[in-house]
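Trainee: Contents of start_39.txt (compact mmCIF, C-alpha atoms) are given next:
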```
# COMPACT_ATOMS: atom_id res chain seq x y z
CA MET A 1 150.35 96.46 47.60
CA GLU A 2 153.63 98.19 48.35
CA HIS A 3 155.34 97.46 51.61
CA GLN A 4 156.39 101.08 52.20
CA SER A 5 152.70 101.96 52.68
CA GLN A 6 152.32 99.44 55.52
CA ARG A 7 151.22 100.77 58.88
CA TYR A 8 152.00 99.33 62.32
CA LEU A 9 150.00 99.18 65.56
CA SER A 10 151.29 97.67 68.81
CA PHE A 11 149.30 96.09 71.64
CA VAL A 12 149.59 99.38 73.54
CA ASP A 13 148.29 101.26 70.48
CA LEU A 14 145.34 98.84 70.23
CA MET A 15 144.49 99.23 73.92
CA GLY A 16 144.55 103.02 73.50
CA LEU A 17 141.89 103.03 70.78
CA GLU A 18 138.33 104.18 71.48
CA GLN A 19 136.23 101.08 72.33
CA ARG A 20 133.97 100.91 69.25
CA TYR A 21 136.88 101.78 66.94
CA ARG A 22 138.94 98.97 68.49
CA ALA A 23 136.03 96.51 68.17
CA ALA A 24 135.66 97.33 64.45
CA PHE A 25 139.42 97.07 63.87
CA VAL A 26 140.17 93.88 65.83
CA ASN A 27 137.10 92.13 64.41
CA SER A 28 138.59 92.75 60.94
CA LEU A 29 141.89 91.05 61.74
CA THR A 30 140.56 87.47 61.87
CA GLY A 31 139.94 87.46 58.11
CA PHE A 32 136.69 86.50 56.38
CA LYS A 33 134.34 84.76 58.77
CA SER A 34 131.66 82.11 58.78
CA VAL A 35 128.34 83.83 59.34
CA ALA A 36 125.03 82.12 60.03
CA LEU A 37 121.69 82.45 61.79
CA ILE A 38 121.19 80.40 64.94
CA GLY A 39 117.56 79.44 65.60
CA THR A 40 116.34 78.41 69.06
CA ILE A 41 113.15 78.02 71.07
CA ASN A 42 112.47 78.06 74.82
CA LYS A 43 110.16 75.87 76.88
CA GLU A 44 107.33 78.39 76.43
CA ARG A 45 107.62 77.88 72.61
CA GLN A 46 109.02 81.40 72.13
CA THR A 47 111.38 81.33 69.13
CA ASN A 48 114.60 83.30 68.79
CA LEU A 49 116.94 83.99 65.87
CA ALA A 50 120.38 85.58 66.06
CA ILE A 51 123.30 86.15 63.70
CA PHE A 52 126.72 84.78 64.71
CA ASN A 53 130.01 85.36 62.90
CA SER A 54 132.10 83.06 65.09
CA LEU A 55 131.32 79.59 63.76
CA ILE A 56 134.17 77.11 63.70
CA HIS A 57 134.75 73.57 62.49
CA ILE A 58 135.61 71.35 65.45
CA GLY A 59 135.71 67.90 63.91
CA ALA A 60 134.22 65.62 61.24
CA ASN A 61 134.17 62.31 63.15
CA PRO A 62 131.84 62.77 64.91
CA PRO A 63 130.53 65.90 63.10
CA TYR A 64 131.01 68.75 65.59
CA ILE A 65 130.61 72.49 65.06
CA GLY A 66 131.34 75.31 67.51
CA PHE A 67 130.64 78.99 68.03
CA ILE A 68 131.75 81.68 70.48
CA SER A 69 129.15 83.47 72.58
CA ARG A 70 129.33 86.21 75.12
CA PRO A 71 128.25 85.06 78.59
CA ASP A 72 124.57 84.76 79.49
CA SER A 73 124.28 88.14 81.14
CA VAL A 74 124.65 90.09 77.90
CA ASP A 75 123.65 87.45 75.35
CA ARG A 76 120.27 87.89 73.76
CA HIS A 77 118.57 84.59 74.57
CA THR A 78 120.34 82.17 72.18
CA LEU A 79 122.60 80.70 74.86
CA SER A 80 119.88 80.38 77.49
CA ASN A 81 117.52 78.68 75.00
CA ILE A 82 120.24 76.19 74.02
CA MET A 83 120.89 75.40 77.67
CA GLU A 84 117.14 75.00 78.25
CA THR A 85 116.31 72.68 75.33
CA GLY A 86 119.66 71.24 74.20
CA TYR A 87 118.95 71.89 70.50
CA TYR A 88 119.52 74.67 67.95
CA THR A 89 119.77 75.22 64.20
CA ILE A 90 122.58 76.81 62.19
CA ASN A 91 121.41 78.34 58.90
CA HIS A 92 123.68 79.69 56.16
CA ILE A 93 122.99 83.24 55.00
CA ASN A 94 122.59 84.09 51.32
CA GLU A 95 122.43 87.33 49.36
CA SER A 96 118.61 87.44 49.52
CA ILE A 97 118.42 87.52 53.32
CA TYR A 98 121.58 89.20 54.64
CA HIS A 99 119.83 92.48 55.50
CA GLN A 100 117.27 90.57 57.56
CA ALA A 101 120.01 88.41 59.07
CA HIS A 102 121.96 91.51 60.16
CA GLN A 103 118.81 93.03 61.63
CA THR A 104 118.50 90.10 64.09
CA SER A 105 121.47 91.63 65.95
CA ALA A 106 119.23 94.44 67.20
CA ARG A 107 118.23 94.19 70.87
CA TYR A 108 114.68 92.90 70.70
CA SER A 109 112.99 92.09 74.01
CA ARG A 110 112.45 88.44 74.89
CA GLU A 111 108.75 88.39 73.98
CA ILE A 112 109.49 89.47 70.39
CA SER A 113 110.73 86.75 68.02
CA GLU A 114 113.36 87.92 65.54
CA PHE A 115 111.62 85.65 63.02
CA ASP A 116 108.58 87.94 63.17
CA ALA A 117 110.56 91.16 63.46
CA THR A 118 112.71 90.41 60.40
CA HIS A 119 110.11 88.50 58.34
CA LEU A 120 112.11 85.29 58.17
CA THR A 121 110.13 82.04 58.29
CA PRO A 122 110.53 79.48 61.09
CA ASP A 123 110.63 75.98 59.62
CA PHE A 124 110.06 73.00 61.93
CA LYS A 125 111.28 69.82 60.28
CA LEU A 126 111.12 66.10 61.11
CA GLY A 127 110.17 66.83 64.68
CA PHE A 128 113.42 68.71 65.35
CA LYS A 129 112.93 70.87 68.44
CA ALA A 130 114.45 74.13 67.18
CA PRO A 131 113.26 76.17 64.18
CA PHE A 132 115.24 76.29 60.93
CA VAL A 133 115.20 79.36 58.66
CA LYS A 134 113.12 78.46 55.60
CA GLU A 135 114.89 81.03 53.39
CA SER A 136 118.32 79.51 54.12
CA HIS A 137 119.73 77.02 51.58
CA ILE A 138 122.02 75.07 53.93
CA GLN A 139 120.49 74.21 57.29
CA LEU A 140 121.98 72.25 60.19
CA GLY A 141 120.08 70.73 63.12
CA VAL A 142 122.50 70.67 66.06
CA GLN A 143 122.48 69.00 69.49
CA PHE A 144 124.38 70.72 72.32
CA LYS A 145 127.42 68.73 73.47
CA GLU A 146 129.85 70.85 75.50
CA ARG A 147 130.17 74.35 76.94
CA ILE A 148 133.72 75.57 77.47
CA ASN A 149 134.35 78.72 79.47
CA ILE A 150 137.19 80.82 78.09
CA THR A 151 138.56 82.31 81.29
CA THR A 152 140.87 84.89 79.65
CA ASN A 153 137.96 87.07 78.58
CA ASN A 154 134.81 85.47 79.96
CA THR A 155 133.35 84.22 76.66
CA VAL A 156 132.13 80.68 76.03
CA LEU A 157 132.69 78.16 73.26
CA ILE A 158 129.55 76.13 72.54
CA ILE A 159 130.12 72.80 70.79
CA GLY A 160 127.31 70.82 69.19
CA GLN A 161 126.83 67.64 67.20
CA ILE A 162 125.33 67.93 63.71
CA ASN A 163 122.23 65.69 63.74
CA GLN A 164 120.51 66.93 60.57
CA VAL A 165 121.83 68.53 57.36
CA TYR A 166 119.69 69.98 54.57
CA PHE A 167 121.40 71.20 51.40
CA PRO A 168 120.69 71.75 47.68
CA ASN A 169 121.20 68.49 45.84
CA ASN A 170 123.02 70.10 42.89
CA CYS A 171 125.81 71.46 45.13
CA LEU A 172 127.30 68.15 46.24
CA CYS A 173 130.53 67.00 44.58
CA GLU A 174 131.73 63.44 44.06
CA ASP A 175 134.28 63.54 46.88
CA GLY A 176 131.89 64.92 49.52
CA PHE A 177 132.79 68.60 49.04
CA LEU A 178 129.66 70.74 49.27
CA ASP A 179 129.88 73.80 47.01
CA ILE A 180 128.52 76.46 49.36
CA GLU A 181 129.31 79.18 46.81
CA LYS A 182 126.94 77.49 44.34
CA ALA A 183 124.41 77.34 47.22
CA LYS A 184 124.79 81.17 47.45
CA SER A 185 126.20 81.20 50.99
CA ILE A 186 128.00 84.46 51.80
CA THR A 187 130.80 85.50 54.17
CA CYS A 188 131.40 88.53 56.36
CA SER A 189 134.28 90.62 57.66
CA GLY A 190 134.53 92.87 60.67
CA LEU A 191 131.20 93.45 62.38
CA ASP A 192 129.05 94.57 59.47
CA SER A 193 130.57 93.89 56.04
CA TYR A 194 128.99 91.16 53.88
CA HIS A 195 130.61 89.61 50.81
CA LYS A 196 129.76 87.13 48.10
CA THR A 197 132.57 84.96 46.78
CA GLU A 198 134.19 83.90 43.52
CA ARG A 199 136.12 80.63 43.49
CA LEU A 200 139.80 80.86 42.60
CA ALA A 201 140.27 77.07 42.60
CA ARG A 202 140.04 73.85 44.49
CA LEU A 203 143.55 72.56 45.11
CA SER A 204 144.66 68.92 45.31
CA TYR A 205 145.75 67.29 48.58
CA ALA A 206 149.24 68.68 49.25
CA LYS A 207 152.21 66.28 49.24
CA ALA A 208 155.80 67.14 50.15
CA ASN A 209 157.35 65.87 46.92
CA LYS A 210 154.79 67.34 44.52
CA GLU A 211 153.63 70.77 43.33
CA THR A 212 150.11 71.86 44.29
CA SER A 213 147.70 71.24 41.40
CA LEU A 214 144.07 72.00 40.69
CA ALA A 215 141.31 69.63 41.77
CA LYS A 216 138.09 69.18 39.82
CA LEU A 217 134.69 70.03 41.22
CA GLY A 218 132.79 67.01 39.81
CA TYR A 219 129.17 67.72 40.78
CA ILE A 220 126.88 64.76 41.26
CA GLU A 221 123.98 65.07 38.80
CA MET B 1 117.20 77.32 44.75
CA GLU B 2 114.01 75.28 44.95
CA HIS B 3 113.22 73.53 48.18
CA GLN B 4 112.01 70.34 46.49
CA SER B 5 115.61 69.76 45.35
CA GLN B 6 116.87 69.82 48.94
CA ARG B 7 118.60 66.73 50.22
CA TYR B 8 118.75 65.47 53.82
CA LEU B 9 121.44 63.63 55.79
CA SER B 10 121.06 62.52 59.41
CA PHE B 11 123.79 62.01 62.03
CA VAL B 12 123.67 58.28 61.30
CA ASP B 13 124.05 58.98 57.56
CA LEU B 14 127.07 61.22 58.30
CA MET B 15 128.70 58.58 60.51
CA GLY B 16 128.21 56.01 57.74
CA LEU B 17 130.16 58.03 55.15
CA GLU B 18 133.67 57.03 54.10
CA GLN B 19 136.18 58.95 56.25
CA ARG B 20 137.67 61.31 53.63
CA TYR B 21 134.26 61.92 52.07
CA ARG B 22 132.86 62.81 55.52
CA ALA B 23 135.82 65.13 56.22
CA ALA B 24 135.25 66.99 52.94
CA PHE B 25 131.51 67.23 53.54
CA VAL B 26 131.49 68.27 57.21
CA ASN B 27 134.31 70.79 56.64
CA SER B 28 132.01 72.47 54.09
CA LEU B 29 129.15 72.94 56.54
CA THR B 30 130.79 75.66 58.65
CA GLY B 31 130.53 78.19 55.82
CA PHE B 32 133.37 80.32 54.48
CA LYS B 33 136.34 80.26 56.80
CA SER B 34 139.17 82.48 57.91
CA VAL B 35 142.36 81.11 56.43
CA ALA B 36 145.89 82.22 57.31
CA LEU B 37 149.49 81.11 57.58
CA ILE B 38 150.89 80.63 61.08
CA GLY B 39 154.64 81.21 61.36
CA THR B 40 156.69 79.82 64.23
CA ILE B 41 160.29 79.09 65.22
CA ASN B 42 161.79 76.64 67.72
CA LYS B 43 164.70 77.13 70.11
CA GLU B 44 167.11 75.77 67.49
CA ARG B 45 166.00 78.63 65.16
CA GLN B 46 164.22 76.21 62.81
CA THR B 47 161.26 78.04 61.24
CA ASN B 48 157.88 76.49 60.45
CA LEU B 49 154.91 77.68 58.42
CA ALA B 50 151.47 76.07 58.31
CA ILE B 51 148.06 76.94 56.89
CA PHE B 52 145.09 77.02 59.29
CA ASN B 53 141.42 77.47 58.38
CA SER B 54 140.10 77.58 61.94
CA LEU B 55 140.87 81.13 63.08
CA ILE B 56 138.31 82.78 65.31
CA HIS B 57 137.76 86.18 66.89
CA ILE B 58 137.81 85.82 70.68
CA GLY B 59 137.67 89.42 71.85
CA ALA B 60 138.69 93.00 71.10
CA ASN B 61 139.44 94.24 74.63
CA PRO B 62 142.08 92.93 75.05
CA PRO B 63 142.66 91.88 71.40
CA TYR B 64 142.55 88.07 71.44
CA ILE B 65 142.47 85.65 68.51
CA GLY B 66 142.07 81.87 68.59
CA PHE B 67 142.56 78.83 66.39
CA ILE B 68 141.80 75.12 66.65
CA SER B 69 144.64 72.64 66.40
CA ARG B 70 144.79 68.89 66.45
CA PRO B 71 146.72 67.54 69.43
CA ASP B 72 150.53 67.48 69.46
CA SER B 73 150.82 63.88 68.38
CA VAL B 74 149.64 64.53 64.84
CA ASP B 75 150.27 68.27 64.50
CA ARG B 76 153.12 69.29 62.30
CA HIS B 77 155.22 71.40 64.65
CA THR B 78 153.19 74.61 64.93
CA LEU B 79 151.75 73.78 68.34
CA SER B 80 155.01 72.51 69.82
CA ASN B 81 156.87 75.62 68.61
CA ILE B 82 154.23 77.91 70.16
CA MET B 83 154.50 76.05 73.45
CA GLU B 84 158.32 76.29 73.28
CA THR B 85 158.64 80.02 72.50
CA GLY B 86 155.26 81.55 73.39
CA TYR B 87 155.06 83.55 70.14
CA TYR B 88 153.68 83.08 66.63
CA THR B 89 152.55 85.11 63.62
CA ILE B 90 149.21 85.00 61.77
CA ASN B 91 149.46 86.11 58.15
CA HIS B 92 146.51 86.70 55.79
CA ILE B 93 146.61 84.86 52.49
CA ASN B 94 146.08 86.67 49.17
CA GLU B 95 145.50 85.52 45.61
CA SER B 96 149.23 85.67 44.79
CA ILE B 97 150.27 83.14 47.42
CA TYR B 98 147.38 80.75 48.00
CA HIS B 99 148.97 77.89 46.05
CA GLN B 100 152.09 78.18 48.21
CA ALA B 101 149.97 78.57 51.34
CA HIS B 102 148.05 75.37 50.54
CA GLN B 103 151.32 73.54 49.87
CA THR B 104 152.44 74.16 53.49
CA SER B 105 149.85 71.53 54.50
CA ALA B 106 152.06 68.79 53.03
CA ARG B 107 153.88 66.64 55.60
CA TYR B 108 157.39 68.03 55.54
CA SER B 109 159.86 66.60 58.04
CA ARG B 110 160.91 68.81 60.96
CA GLU B 111 164.29 69.76 59.49
CA ILE B 112 162.67 71.24 56.37
CA SER B 113 161.17 74.74 56.73
CA GLU B 114 157.95 75.26 54.79
CA PHE B 115 159.25 78.78 54.07
CA ASP B 116 162.03 77.22 51.97
CA ALA B 117 159.89 74.44 50.52
CA THR B 118 157.18 76.83 49.30
CA HIS B 119 159.39 79.85 48.47
CA LEU B 120 157.69 82.18 50.93
CA THR B 121 159.94 84.71 52.68
CA PRO B 122 160.41 84.75 56.47
CA ASP B 123 160.29 88.34 57.72
CA PHE B 124 161.63 89.10 61.21
CA LYS B 125 160.33 92.48 62.40
CA LEU B 126 161.00 94.73 65.40
CA GLY B 127 162.70 91.91 67.27
CA PHE B 128 159.52 89.79 67.26
CA LYS B 129 160.53 86.18 67.96
CA ALA B 130 158.49 84.44 65.27
CA PRO B 131 158.76 84.97 61.50
CA PHE B 132 156.09 86.86 59.54
CA VAL B 133 155.35 86.03 55.88
CA LYS B 134 156.74 88.90 53.79
CA GLU B 135 154.29 88.27 50.91
CA SER B 136 151.26 88.64 53.22
CA HIS B 137 149.53 92.05 53.36
CA ILE B 138 148.02 91.77 56.84
CA GLN B 139 150.35 90.34 59.48
CA LEU B 140 149.75 89.78 63.19
CA GLY B 141 152.39 89.16 65.86
CA VAL B 142 150.72 87.08 68.57
CA GLN B 143 151.67 86.07 72.12
CA PHE B 144 150.34 82.76 73.47
CA LYS B 145 147.82 83.24 76.30
CA GLU B 146 145.75 80.10 76.93
CA ARG B 147 145.47 76.52 75.75
CA ILE B 148 142.03 74.95 76.12
CA ASN B 149 141.59 71.22 75.65
CA ILE B 150 138.34 70.29 73.92
CA THR B 151 137.62 66.97 75.55
CA THR B 152 134.77 65.91 73.23
CA ASN B 153 137.14 65.22 70.35
CA ASN B 154 140.65 65.79 71.67
CA THR B 155 141.43 69.02 69.79
CA VAL B 156 142.79 72.20 71.38
CA LEU B 157 141.83 75.86 71.17
CA ILE B 158 144.89 78.12 71.26
CA ILE B 159 144.23 81.71 72.31
CA GLY B 160 146.76 84.49 71.83
CA GLN B 161 147.04 88.22 72.37
CA ILE B 162 147.67 90.42 69.32
CA ASN B 163 150.88 92.34 70.10
CA GLN B 164 151.70 93.65 66.61
CA VAL B 165 149.55 94.43 63.56
CA TYR B 166 150.87 95.38 60.10
CA PHE B 167 148.38 96.38 57.42
CA PRO B 168 148.15 98.48 54.22
CA ASN B 169 147.53 102.09 55.15
CA ASN B 170 144.94 102.65 52.38
CA CYS B 171 142.63 99.92 53.73
CA LEU B 172 141.73 101.54 57.06
CA CYS B 173 138.31 103.22 57.36
CA GLU B 174 137.35 106.12 59.61
CA ASP B 175 135.52 103.96 62.15
CA GLY B 176 138.31 101.41 62.58
CA PHE B 177 137.02 98.89 60.03
CA LEU B 178 139.91 97.41 58.08
CA ASP B 179 138.92 96.57 54.50
CA ILE B 180 140.55 93.16 54.14
CA GLU B 181 138.96 92.72 50.69
CA LYS B 182 140.84 95.81 49.49
CA ALA B 183 143.96 94.26 51.08
CA LYS B 184 143.31 91.21 48.83
CA SER B 185 142.76 88.73 51.67
CA ILE B 186 140.93 85.61 50.52
CA THR B 187 138.66 83.03 52.18
CA CYS B 188 138.31 79.26 51.91
CA SER B 189 135.62 76.61 52.13
CA GLY B 190 135.88 72.93 52.87
CA LEU B 191 139.45 71.64 52.96
CA ASP B 192 140.79 72.90 49.65
CA SER B 193 138.58 75.53 47.98
CA TYR B 194 139.84 79.13 47.84
CA HIS B 195 137.70 82.16 47.03
CA LYS B 196 138.12 85.88 46.51
CA THR B 197 135.29 88.12 47.62
CA GLU B 198 133.07 90.90 46.34
CA ARG B 199 131.47 93.22 48.91
CA LEU B 200 127.67 93.31 48.95
CA ALA B 201 127.54 96.11 51.55
CA ARG B 202 128.49 97.30 54.97
CA LEU B 203 125.33 97.57 57.08
CA SER B 204 124.62 100.05 59.84
CA TYR B 205 124.45 99.05 63.52
CA ALA B 206 121.11 97.26 63.91
CA LYS B 207 118.42 98.79 66.14
CA ALA B 208 115.08 97.23 67.05
CA ASN B 209 112.94 100.16 65.91
CA LYS B 210 114.74 100.84 62.65
CA GLU B 211 115.29 99.14 59.27
CA THR B 212 118.82 98.03 58.43
CA SER B 213 120.56 100.59 56.20
CA LEU B 214 123.87 100.80 54.36
CA ALA B 215 126.99 102.10 56.08
CA LYS B 216 129.70 104.01 54.23
CA LEU B 217 133.25 102.73 53.91
CA GLY B 218 135.03 106.09 54.45
CA TYR B 219 138.69 105.26 53.83
CA ILE B 220 141.28 107.37 55.61
CA GLU B 221 143.49 109.00 52.96
```
Represent the structure from my file as structure tokens, please.

Mentor:
Amino acid sequence: MEHQSQRYLSFVDLMGLEQRYRAAFVNSLTGFKSVALIGTINKERQTNLAIFNSLIHIGANPPYIGFISRPDSVDRHTLSNIMETGYYTINHINESIYHQAHQTSARYSREISEFDATHLTPDFKLGFKAPFVKESHIQLGVQFKERINITTNNTVLIIGQINQVYFPNNCLCEDGFLDIEKAKSITCSGLDSYHKTERLARLSYAKANKETSLAKLGYIE
Amino acid sequence: MEHQSQRYLSFVDLMGLEQRYRAAFVNSLTGFKSVALIGTINKERQTNLAIFNSLIHIGANPPYIGFISRPDSVDRHTLSNIMETGYYTINHINESIYHQAHQTSARYSREISEFDATHLTPDFKLGFKAPFVKESHIQLGVQFKERINITTNNTVLIIGQINQVYFPNNCLCEDGFLDIEKAKSITCSGLDSYHKTERLARLSYAKANKETSLAKLGYIE
């Protein structure tokens, strides 16, 4: 990667780009993103499934997870279902289902469930209100906690508490790290690019007077 | 991945975990994360560099990017510098510098710059106030826009406008997609696991009456 081949765009350049081109470009700048399927249901028992690439860790104590959504007017039912029932599921995407996961971003009408349209299986567990995705290997049952309006561009940050976690037993390490690569979770970039991963290393907790060193994985058998 | 080997943890189970174990576990649940180095400077011209794994796309029009920070009291200078100057840089991490990037998370005192401590090179460009990381291949110059306090757990969401973008010319595709894998950007999971990626595919814009198909990359020469 030679620096003389670097290109520069300013804010004015970005604002001058054609809208879809700018969306593709700016969505690439955040780096690799968390991508997952959010499962919901409304009071009429109509299920909904939608892909989101804006998941974010909010805190571990208590366990909170967030995602960014466009406002209700243009959102395709996920946000309104969450507001109606207070519960949703977050399901990791793996290599076997990423085509189907991407397809949930199509604009289906409210009476069509994306579970049916994409042949993914709704999985109701332990009486949890919202449907999990059976084909997903890491599944979170989440309870709505807080809705934060982002006034600068009229999006919302939805924060929920993790009430249920399902994960493959052979992916848990001794120190609590869950090896999501071993669980076949994938990542995405931009609006439509999906990637599997290859671990470079786990690194030890960084200290000021010490060089970074490798940490072991140490799976629990 | 057989379902009979799935394990379950409830909210009560999570709250009962030892604190560091819970942090490692819950930080793994979000999926693969955007990871980058944020460069800042204070009024006394003291530079600071810190790794963040909580970057999030906020919007493309205008180009806004966000990240989650712990409150000022425990943050190591990034937030206070942004509030002081209004500018910061976001720099993608590649395989050549991820050890150094991770090392910036050590608790250095304010008078020590993480640029010096980790042997990364501050790069001041086009009169932009904050330092970029010279060894990074994709570099964003960002202007602070909004600080949102997340009351549920006392963290903050910092939103900024992308004023400058530097990227390798051979990574831009015809439709605006920037191939960050080709630019060698990496991803992370949990608190300390770093991963390179391998593209599965770009998928076409999803439509309700049509099967998902592959999209071409189409680099601009």

Trainee: Please indicate the distance in Å from atom CA of Thr197 of chain B to atom CA of Phe32 of chain B, rounded to one decimal place.

Mentor: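 Atom-to-atom, atom CA of Thr197 of chain B to atom CA of Phe32 of chain B, that is 10.6 Å.
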
Trainee: Go ahead and find all residues with at least one atom no further than 6 Å from (152.8, 92.1, 67.4) in the file's coordinates, using only C-alpha atoms; report them as a ChimeraX atom specification.

Mentor: /A:10 /B:140-142,162-165

Trainee: For atom CA of Ser185 of chain A and atom CA of Asn170 of chain B, quote the distance in Å rounded to one decimal.

Mentor: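 The value is 28.5 Å.
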
Trainee: Neighbours of Cys188 of chain B within 8 Å (all atoms listed in the file; same-chain residues fewer than 3 positions away dropped), as JSON, numbers by chain?

Mentor: {"B": [32, 33, 34, 35, 53, 191, 192, 193, 194, 195]}

Trainee: Rank nothing, just name the residue among A:Glu84, A:Glu111, A:Glu44, A:Glu95 nearest to chain B, using only C-alpha atoms.

Mentor: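 Under the stated criterion, the closest residue is A:Glu95.
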